[in-house]
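Content type compact mmCIF, N, CA and C atoms, from the file entry.txt:
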```txt
# COMPACT_ATOMS: atom_id res chain seq x y z
N MET A 208 0.83 -1.19 0.00
CA MET A 208 0.00 0.00 0.00
C MET A 208 0.87 1.25 0.00
N LYS A 209 1.98 1.25 0.80
CA LYS A 209 2.89 2.39 0.82
C LYS A 209 3.52 2.60 -0.54
N LEU A 210 3.91 1.49 -1.20
CA LEU A 210 4.52 1.59 -2.52
C LEU A 210 3.54 2.18 -3.52
N LEU A 211 2.27 1.76 -3.45
CA LEU A 211 1.24 2.30 -4.34
C LEU A 211 1.12 3.80 -4.15
N ARG A 212 1.11 4.28 -2.91
CA ARG A 212 1.01 5.71 -2.65
C ARG A 212 2.22 6.46 -3.22
N ILE A 213 3.41 5.88 -3.06
CA ILE A 213 4.62 6.51 -3.58
C ILE A 213 4.54 6.60 -5.10
N VAL A 214 4.10 5.53 -5.75
CA VAL A 214 3.98 5.52 -7.21
C VAL A 214 2.93 6.54 -7.64
N VAL A 215 1.80 6.60 -6.95
CA VAL A 215 0.74 7.54 -7.29
C VAL A 215 1.24 8.98 -7.15
N VAL A 216 1.91 9.29 -6.06
CA VAL A 216 2.44 10.64 -5.85
C VAL A 216 3.47 10.98 -6.91
N ALA A 217 4.38 10.06 -7.19
CA ALA A 217 5.41 10.31 -8.20
C ALA A 217 4.78 10.54 -9.57
N THR A 218 3.77 9.76 -9.89
CA THR A 218 3.07 9.94 -11.16
C THR A 218 2.37 11.29 -11.19
N ALA A 219 1.74 11.67 -10.10
CA ALA A 219 1.04 12.96 -10.05
C ALA A 219 2.01 14.11 -10.25
N ILE A 220 3.17 14.03 -9.64
CA ILE A 220 4.17 15.08 -9.78
C ILE A 220 4.66 15.14 -11.23
N ALA A 221 4.81 14.00 -11.86
CA ALA A 221 5.34 13.94 -13.22
C ALA A 221 4.34 14.40 -14.26
N THR A 222 3.05 14.54 -13.90
CA THR A 222 2.04 14.87 -14.91
C THR A 222 1.91 16.36 -15.19
N VAL A 223 2.60 17.19 -14.47
CA VAL A 223 2.58 18.62 -14.75
C VAL A 223 3.91 18.99 -15.36
N ASN A 224 3.85 19.63 -16.55
CA ASN A 224 5.08 20.05 -17.21
C ASN A 224 5.81 21.06 -16.37
N CYS A 225 7.07 21.30 -16.68
CA CYS A 225 7.88 22.26 -15.93
C CYS A 225 7.27 23.64 -15.92
N ASN A 226 6.52 24.00 -16.96
CA ASN A 226 5.90 25.32 -17.01
C ASN A 226 4.53 25.33 -16.34
N GLY A 227 4.12 24.21 -15.73
CA GLY A 227 2.88 24.16 -14.96
C GLY A 227 1.64 23.93 -15.80
N THR A 228 1.76 23.62 -17.08
CA THR A 228 0.58 23.40 -17.89
C THR A 228 0.07 21.98 -17.71
N PRO A 229 -1.24 21.78 -17.88
CA PRO A 229 -1.79 20.45 -17.65
C PRO A 229 -1.36 19.46 -18.73
N THR A 230 -1.31 18.19 -18.33
CA THR A 230 -1.05 17.12 -19.26
C THR A 230 -2.19 16.13 -19.16
N GLU A 231 -2.16 15.10 -19.95
CA GLU A 231 -3.24 14.13 -19.98
C GLU A 231 -2.76 12.74 -19.54
N PRO A 232 -2.61 12.49 -18.23
CA PRO A 232 -2.20 11.16 -17.79
C PRO A 232 -3.38 10.20 -17.86
N SER A 233 -3.11 8.91 -17.82
CA SER A 233 -4.21 7.96 -17.83
C SER A 233 -4.95 7.99 -16.51
N GLU A 234 -4.25 8.20 -15.43
CA GLU A 234 -4.84 8.29 -14.09
C GLU A 234 -3.72 8.53 -13.11
N VAL A 235 -3.97 9.35 -12.07
CA VAL A 235 -2.89 9.64 -11.16
C VAL A 235 -3.25 9.58 -9.69
N HIS A 236 -4.39 9.07 -9.32
CA HIS A 236 -4.72 9.07 -7.90
C HIS A 236 -5.36 7.78 -7.46
N GLY A 237 -5.16 7.46 -6.20
CA GLY A 237 -5.84 6.43 -5.45
C GLY A 237 -6.04 5.08 -6.12
N PRO A 238 -6.44 4.10 -5.32
CA PRO A 238 -6.66 2.75 -5.81
C PRO A 238 -7.75 2.68 -6.87
N GLU A 239 -8.75 3.58 -6.81
CA GLU A 239 -9.80 3.55 -7.81
C GLU A 239 -9.25 3.93 -9.18
N GLY A 240 -8.02 4.39 -9.22
CA GLY A 240 -7.39 4.85 -10.44
C GLY A 240 -6.94 3.74 -11.37
N GLN A 241 -7.27 2.52 -11.10
CA GLN A 241 -6.92 1.44 -12.01
C GLN A 241 -7.79 1.58 -13.24
N GLY A 242 -7.40 2.47 -14.17
CA GLY A 242 -8.19 2.70 -15.36
C GLY A 242 -9.05 3.93 -15.25
N GLY A 243 -9.16 4.55 -14.09
CA GLY A 243 -9.89 5.81 -13.94
C GLY A 243 -11.34 5.62 -13.58
N GLU A 244 -11.89 6.65 -12.94
CA GLU A 244 -13.29 6.67 -12.59
C GLU A 244 -14.09 7.14 -13.79
N SER A 245 -15.34 6.70 -13.88
CA SER A 245 -16.21 7.18 -14.94
C SER A 245 -16.40 8.68 -14.80
N GLY A 246 -16.27 9.41 -15.91
CA GLY A 246 -16.47 10.85 -15.88
C GLY A 246 -15.22 11.64 -15.60
N GLU A 247 -14.09 10.97 -15.48
CA GLU A 247 -12.85 11.66 -15.14
C GLU A 247 -11.91 11.67 -16.33
N SER A 248 -11.55 12.86 -16.79
CA SER A 248 -10.69 12.96 -17.97
C SER A 248 -9.24 12.66 -17.64
N GLY A 249 -8.82 12.91 -16.40
CA GLY A 249 -7.43 12.74 -16.02
C GLY A 249 -6.58 13.98 -16.25
N THR A 250 -7.15 15.02 -16.84
CA THR A 250 -6.41 16.25 -17.06
C THR A 250 -6.05 16.88 -15.73
N GLN A 251 -4.79 17.26 -15.59
CA GLN A 251 -4.31 17.91 -14.38
C GLN A 251 -4.19 19.40 -14.63
N TYR A 252 -4.77 20.20 -13.74
CA TYR A 252 -4.73 21.65 -13.83
C TYR A 252 -3.86 22.20 -12.71
N ALA A 253 -3.01 23.18 -13.02
CA ALA A 253 -2.24 23.87 -11.99
C ALA A 253 -3.24 24.61 -11.10
N SER A 254 -2.87 24.87 -9.85
CA SER A 254 -3.80 25.53 -8.92
C SER A 254 -4.23 26.91 -9.43
N SER A 255 -3.46 27.51 -10.31
CA SER A 255 -3.79 28.82 -10.85
C SER A 255 -4.65 28.75 -12.12
N GLU A 256 -4.94 27.55 -12.61
CA GLU A 256 -5.69 27.39 -13.85
C GLU A 256 -7.17 27.11 -13.60
N THR A 257 -7.99 27.49 -14.57
CA THR A 257 -9.42 27.20 -14.54
C THR A 257 -9.66 25.90 -15.30
N ALA A 258 -10.35 24.97 -14.67
CA ALA A 258 -10.71 23.71 -15.32
C ALA A 258 -12.01 23.92 -16.09
N THR A 259 -12.02 23.51 -17.34
CA THR A 259 -13.22 23.54 -18.17
C THR A 259 -13.32 22.19 -18.85
N GLU A 260 -14.36 21.45 -18.51
CA GLU A 260 -14.57 20.13 -19.09
C GLU A 260 -16.04 19.91 -19.37
N VAL A 261 -16.31 19.12 -20.41
CA VAL A 261 -17.68 18.78 -20.77
C VAL A 261 -17.81 17.27 -20.78
N ARG A 262 -18.85 16.77 -20.14
CA ARG A 262 -19.14 15.34 -20.13
C ARG A 262 -20.62 15.15 -20.36
N ALA A 263 -20.96 14.42 -21.40
CA ALA A 263 -22.36 14.12 -21.73
C ALA A 263 -23.21 15.38 -21.75
N GLY A 264 -22.66 16.47 -22.27
CA GLY A 264 -23.41 17.71 -22.39
C GLY A 264 -23.43 18.57 -21.15
N VAL A 265 -22.75 18.16 -20.09
CA VAL A 265 -22.66 18.96 -18.87
C VAL A 265 -21.28 19.63 -18.85
N ARG A 266 -21.29 20.96 -18.86
CA ARG A 266 -20.03 21.72 -18.85
C ARG A 266 -19.73 22.17 -17.42
N LEU A 267 -18.55 21.82 -16.95
CA LEU A 267 -18.06 22.26 -15.65
C LEU A 267 -16.96 23.28 -15.89
N ILE A 268 -17.09 24.44 -15.25
CA ILE A 268 -16.04 25.46 -15.25
C ILE A 268 -15.78 25.77 -13.79
N ILE A 269 -14.54 25.53 -13.33
CA ILE A 269 -14.25 25.72 -11.92
C ILE A 269 -12.80 26.15 -11.74
N SER A 270 -12.56 27.00 -10.74
CA SER A 270 -11.20 27.46 -10.46
C SER A 270 -11.01 27.57 -8.96
N TYR A 271 -9.73 27.67 -8.58
CA TYR A 271 -9.36 27.75 -7.18
C TYR A 271 -9.07 29.18 -6.79
N ASN A 272 -9.67 29.63 -5.70
CA ASN A 272 -9.40 30.95 -5.13
C ASN A 272 -8.49 30.72 -3.92
N GLY A 273 -7.20 31.01 -4.09
CA GLY A 273 -6.22 30.76 -3.03
C GLY A 273 -6.45 31.59 -1.78
N ALA A 274 -6.93 32.81 -1.93
CA ALA A 274 -7.17 33.67 -0.78
C ALA A 274 -8.29 33.11 0.10
N GLN A 275 -9.33 32.60 -0.54
CA GLN A 275 -10.46 32.03 0.21
C GLN A 275 -10.33 30.52 0.41
N GLN A 276 -9.36 29.90 -0.25
CA GLN A 276 -9.13 28.46 -0.20
C GLN A 276 -10.40 27.67 -0.55
N VAL A 277 -10.98 28.04 -1.69
CA VAL A 277 -12.20 27.40 -2.14
C VAL A 277 -12.18 27.27 -3.66
N PHE A 278 -12.76 26.17 -4.15
CA PHE A 278 -12.99 26.01 -5.57
C PHE A 278 -14.41 26.48 -5.84
N SER A 279 -14.59 27.32 -6.84
CA SER A 279 -15.94 27.74 -7.18
C SER A 279 -16.08 27.84 -8.69
N GLY A 280 -17.30 27.60 -9.14
CA GLY A 280 -17.57 27.63 -10.57
C GLY A 280 -19.02 27.29 -10.84
N THR A 281 -19.25 26.71 -12.01
CA THR A 281 -20.61 26.37 -12.42
C THR A 281 -20.64 25.03 -13.15
N VAL A 282 -21.82 24.40 -13.11
CA VAL A 282 -22.13 23.27 -13.99
C VAL A 282 -23.30 23.72 -14.84
N GLU A 283 -23.22 23.43 -16.13
CA GLU A 283 -24.24 23.88 -17.08
C GLU A 283 -24.67 22.71 -17.95
N ASN A 284 -25.98 22.56 -18.12
CA ASN A 284 -26.52 21.55 -19.02
C ASN A 284 -26.61 22.18 -20.41
N THR A 285 -25.78 21.73 -21.33
CA THR A 285 -25.77 22.28 -22.68
C THR A 285 -26.68 21.51 -23.63
N THR A 286 -27.42 20.53 -23.10
CA THR A 286 -28.30 19.71 -23.94
C THR A 286 -29.73 20.25 -23.94
N SER A 287 -30.59 19.59 -24.72
CA SER A 287 -32.00 19.98 -24.78
C SER A 287 -32.87 19.08 -23.91
N ALA A 288 -32.24 18.28 -23.05
CA ALA A 288 -32.97 17.38 -22.15
C ALA A 288 -32.47 17.58 -20.72
N THR A 289 -33.29 17.18 -19.77
CA THR A 289 -32.88 17.25 -18.36
C THR A 289 -31.78 16.23 -18.09
N VAL A 290 -30.77 16.65 -17.35
CA VAL A 290 -29.70 15.74 -16.92
C VAL A 290 -29.84 15.61 -15.41
N THR A 291 -29.94 14.38 -14.93
CA THR A 291 -30.21 14.16 -13.51
C THR A 291 -28.97 13.71 -12.75
N GLN A 292 -29.01 13.96 -11.47
CA GLN A 292 -28.01 13.48 -10.51
C GLN A 292 -26.58 13.89 -10.88
N VAL A 293 -26.40 15.17 -11.19
CA VAL A 293 -25.08 15.70 -11.51
C VAL A 293 -24.37 16.06 -10.21
N ARG A 294 -23.13 15.64 -10.08
CA ARG A 294 -22.32 16.03 -8.94
C ARG A 294 -20.87 16.14 -9.37
N VAL A 295 -20.07 16.84 -8.54
CA VAL A 295 -18.69 17.15 -8.89
C VAL A 295 -17.76 16.75 -7.74
N GLU A 296 -16.61 16.21 -8.11
CA GLU A 296 -15.52 15.93 -7.17
C GLU A 296 -14.27 16.60 -7.70
N ILE A 297 -13.37 16.94 -6.79
CA ILE A 297 -12.06 17.47 -7.18
C ILE A 297 -11.02 16.61 -6.48
N HIS A 298 -10.03 16.18 -7.25
CA HIS A 298 -8.94 15.36 -6.73
C HIS A 298 -7.69 16.23 -6.70
N LEU A 299 -7.15 16.45 -5.51
CA LEU A 299 -5.95 17.28 -5.34
C LEU A 299 -4.70 16.43 -5.51
N SER A 300 -3.60 17.08 -5.89
CA SER A 300 -2.34 16.36 -6.09
C SER A 300 -1.79 15.76 -4.80
N ASN A 301 -2.29 16.21 -3.65
CA ASN A 301 -1.84 15.64 -2.37
C ASN A 301 -2.61 14.37 -2.00
N GLY A 302 -3.49 13.91 -2.90
CA GLY A 302 -4.25 12.68 -2.66
C GLY A 302 -5.62 12.90 -2.05
N VAL A 303 -5.95 14.14 -1.67
CA VAL A 303 -7.24 14.44 -1.05
C VAL A 303 -8.31 14.59 -2.13
N GLU A 304 -9.48 14.03 -1.85
CA GLU A 304 -10.63 14.19 -2.72
C GLU A 304 -11.61 15.14 -2.06
N LEU A 305 -11.97 16.22 -2.74
CA LEU A 305 -12.97 17.15 -2.24
C LEU A 305 -14.31 16.79 -2.86
N GLY A 306 -15.36 16.76 -2.04
CA GLY A 306 -16.68 16.43 -2.54
C GLY A 306 -16.99 14.97 -2.28
N PRO A 307 -18.00 14.50 -2.93
CA PRO A 307 -18.73 15.13 -4.02
C PRO A 307 -19.72 16.18 -3.53
N THR A 308 -20.13 17.03 -4.46
CA THR A 308 -21.18 17.99 -4.18
C THR A 308 -22.51 17.23 -4.09
N PRO A 309 -23.53 17.84 -3.51
CA PRO A 309 -24.85 17.19 -3.53
C PRO A 309 -25.31 16.99 -4.98
N ARG A 310 -26.06 15.92 -5.22
CA ARG A 310 -26.59 15.66 -6.56
C ARG A 310 -27.66 16.71 -6.90
N VAL A 311 -27.59 17.20 -8.14
CA VAL A 311 -28.60 18.15 -8.62
C VAL A 311 -29.07 17.73 -10.00
N ASP A 312 -30.32 18.06 -10.30
CA ASP A 312 -30.85 17.87 -11.65
C ASP A 312 -30.74 19.19 -12.38
N LEU A 313 -30.34 19.14 -13.64
CA LEU A 313 -30.20 20.34 -14.45
C LEU A 313 -31.16 20.25 -15.63
N ALA A 314 -32.09 21.21 -15.70
CA ALA A 314 -33.00 21.29 -16.84
C ALA A 314 -32.20 21.71 -18.07
N ALA A 315 -32.75 21.53 -19.23
CA ALA A 315 -32.08 21.92 -20.47
C ALA A 315 -31.64 23.38 -20.39
N GLY A 316 -30.36 23.64 -20.63
CA GLY A 316 -29.81 24.99 -20.61
C GLY A 316 -29.56 25.58 -19.23
N GLU A 317 -29.88 24.86 -18.17
CA GLU A 317 -29.74 25.39 -16.81
C GLU A 317 -28.29 25.38 -16.33
N THR A 318 -27.93 26.40 -15.55
CA THR A 318 -26.62 26.52 -14.93
C THR A 318 -26.80 26.64 -13.42
N LYS A 319 -25.97 25.93 -12.66
CA LYS A 319 -26.00 26.02 -11.19
C LYS A 319 -24.58 26.23 -10.68
N PRO A 320 -24.46 26.94 -9.55
CA PRO A 320 -23.13 27.16 -8.96
C PRO A 320 -22.59 25.90 -8.29
N VAL A 321 -21.26 25.80 -8.24
CA VAL A 321 -20.56 24.70 -7.57
C VAL A 321 -19.51 25.33 -6.67
N GLU A 322 -19.40 24.81 -5.43
CA GLU A 322 -18.36 25.29 -4.53
C GLU A 322 -17.88 24.13 -3.66
N LEU A 323 -16.56 23.99 -3.57
CA LEU A 323 -15.95 22.97 -2.72
C LEU A 323 -14.86 23.61 -1.88
N ASP A 324 -14.94 23.39 -0.58
CA ASP A 324 -14.00 23.97 0.39
C ASP A 324 -12.67 23.22 0.36
N ALA A 325 -11.58 23.95 0.22
CA ALA A 325 -10.24 23.33 0.21
C ALA A 325 -9.37 23.87 1.35
N ARG A 326 -9.99 24.47 2.37
CA ARG A 326 -9.21 25.03 3.48
C ARG A 326 -8.32 23.97 4.12
N GLY A 327 -7.06 24.39 4.36
CA GLY A 327 -6.12 23.52 5.03
C GLY A 327 -5.39 22.54 4.12
N HIS A 328 -5.69 22.56 2.82
CA HIS A 328 -5.05 21.63 1.90
C HIS A 328 -4.03 22.36 1.03
N SER A 329 -2.84 21.81 1.01
CA SER A 329 -1.77 22.35 0.16
C SER A 329 -1.62 21.42 -1.03
N PHE A 330 -1.61 21.97 -2.25
CA PHE A 330 -1.52 21.14 -3.45
C PHE A 330 -0.94 21.96 -4.60
N ALA A 331 -0.42 21.26 -5.59
CA ALA A 331 0.18 21.92 -6.76
C ALA A 331 -0.77 21.90 -7.95
N HIS A 332 -1.56 20.84 -8.08
CA HIS A 332 -2.48 20.72 -9.19
C HIS A 332 -3.69 19.89 -8.76
N TYR A 333 -4.69 19.86 -9.64
CA TYR A 333 -5.92 19.15 -9.33
C TYR A 333 -6.56 18.62 -10.61
N SER A 334 -7.48 17.68 -10.45
CA SER A 334 -8.29 17.21 -11.56
C SER A 334 -9.74 17.24 -11.11
N VAL A 335 -10.65 17.29 -12.08
CA VAL A 335 -12.07 17.34 -11.77
C VAL A 335 -12.75 16.07 -12.24
N HIS A 336 -13.87 15.78 -11.63
CA HIS A 336 -14.62 14.56 -11.91
C HIS A 336 -16.10 14.89 -11.85
N VAL A 337 -16.76 14.85 -12.99
CA VAL A 337 -18.20 15.10 -13.06
C VAL A 337 -18.90 13.76 -13.15
N GLU A 338 -19.88 13.53 -12.28
CA GLU A 338 -20.70 12.32 -12.33
C GLU A 338 -22.09 12.71 -12.77
N ILE A 339 -22.69 11.86 -13.59
CA ILE A 339 -24.03 12.12 -14.10
C ILE A 339 -24.85 10.86 -13.92
N GLY A 340 -26.08 11.03 -13.35
CA GLY A 340 -26.96 9.87 -13.13
C GLY A 340 -27.54 9.39 -14.43
N SER A 341 -28.42 10.18 -15.03
CA SER A 341 -29.06 9.80 -16.29
C SER A 341 -29.67 11.04 -16.91
N SER A 342 -30.10 10.93 -18.15
CA SER A 342 -30.81 12.04 -18.79
C SER A 342 -32.10 11.51 -19.39
N THR A 343 -33.09 12.40 -19.49
CA THR A 343 -34.37 12.03 -20.07
C THR A 343 -34.63 12.88 -21.29
N ALA A 344 -35.29 12.30 -22.26
CA ALA A 344 -35.55 13.04 -23.51
C ALA A 344 -36.80 13.86 -23.47
```
Before anything else, please render the file you have as structure tokens.
Amino acid sequence: MKLLRIVVVATAIATVNCNGTPTEPSEVHGPEGQGGESGESGTQYASSETATEVRAGVRLIISYNGAQQVFSGTVENTTSATVTQVRVEIHLSNGVELGPTPRVDLAAGETKPVELDARGHSFAHYSVHVEIGSSTA
């Protein structure tokens, strides 16, 4: 288990280029990372970068506010149907998972705010994970 953590941390450190730009690793965190969680792109964002990802028509835009130590942003349904049970997790480079947020349903075109508290956590980069229950036509 210790070796797995060392490998995971080393991989996480190696996934950010020297200039701090995100890269696309196959997976860099925890035991669930054997192939990645559903809804997780694996893109690593520097703490100063805004994450923008779309999954099944749900667009997540989120960034870290270092002064307030909080991630805040929005989830938006870009489809013409309701998307149910949307929630967000953030995986920090230190191995901590923030969230998930409470599940919400998003009507067609609807946008809702997202906020995850990161107080007390020191990290260099993060990845986002959007989960979606189902959609109805």
I'd like the contact shell of Thr286 of chain A - 8 Å cut-off, only C-alpha atoms, skipping same-chain residues fewer than 5 positions apart - returned as JSON, numbers by chain.
{"A": [264, 265, 315, 316]}
Here is a test: counting only N, CA and C atoms, which residue of A:Val303, A:Ala288, A:Ser334, A:Asp324 is nearest to Gln276 of chain A?
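Among the listed residues, the smallest separation from Gln276 of chain A belongs to A:Asp324.
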Closest of A:Gln251, A:Lys319, A:Thr259, A:Ser329 to Gly302 of chain A - atom-to-atom distances counting all atoms listed in the file
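Using all atoms listed in the file, Gly302 of chain A sits closest to A:Ser329.
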What's the 7 Å shell around Val277 of chain A, counting only N, CA and C atoms, without same-chain residues fewer than 4 positions away, as a PyMOL selection string?
chain A and resi 270-273+322-326
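Contact shell of Ala331 of chain A at 8 Å (all atoms listed in the file; same-chain neighbours under 3 positions omitted): Gln251, Tyr252, Ala253, Ser254, Ser255, Leu299, Ser300, Asn301 and His328 of chain A.
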Give me, please, the distance in Å between atom CA of Glu338 of chain A and atom CA of Arg294 of chain A, quoted to one decimal.
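Calculated distance between atom CA of Glu338 of chain A and atom CA of Arg294 of chain A is 5.3 Å.
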Would you mind reading off the distance between atom N of Glu304 of chain A and atom CA of Leu267 of chain A, one decimal, in Å?
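A separation of 18.2 Å between them.
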If you count only N, CA and C atoms, the residue of A:Gln275, A:Val293, A:Val261, A:Arg266 closest to Ile339 of chain A turns out to be A:Val293
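Put simply, atom C of Phe278 of chain A is 10.5 Å away from atom CA of Ala258 of chain A.
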Looking at only C-alpha atoms, which of A:Val337, A:Ala274, A:Val282, A:Ala263 is the one that sits closest to Thr318 of chain A?
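Ranked by minimum distance to Thr318 of chain A, first place goes to A:Val282.
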Of the listed residues A:Ser279, A:Glu296, A:Val290, A:Ile268, that which approaches Val335 of chain A most closely, counting all atoms listed in the file
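Going through A:Ser279, A:Glu296, A:Val290, A:Ile268 one by one, the smallest distance to Val335 of chain A is for A:Glu296.
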Measuring between only C-alpha atoms, which one of A:Asp312, A:Gln292, A:His336, A:Glu317 shows the shortest distance to Glu260 of chain A?
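Residue with the minimum atom-to-atom distance to Glu260 of chain A: A:His336.
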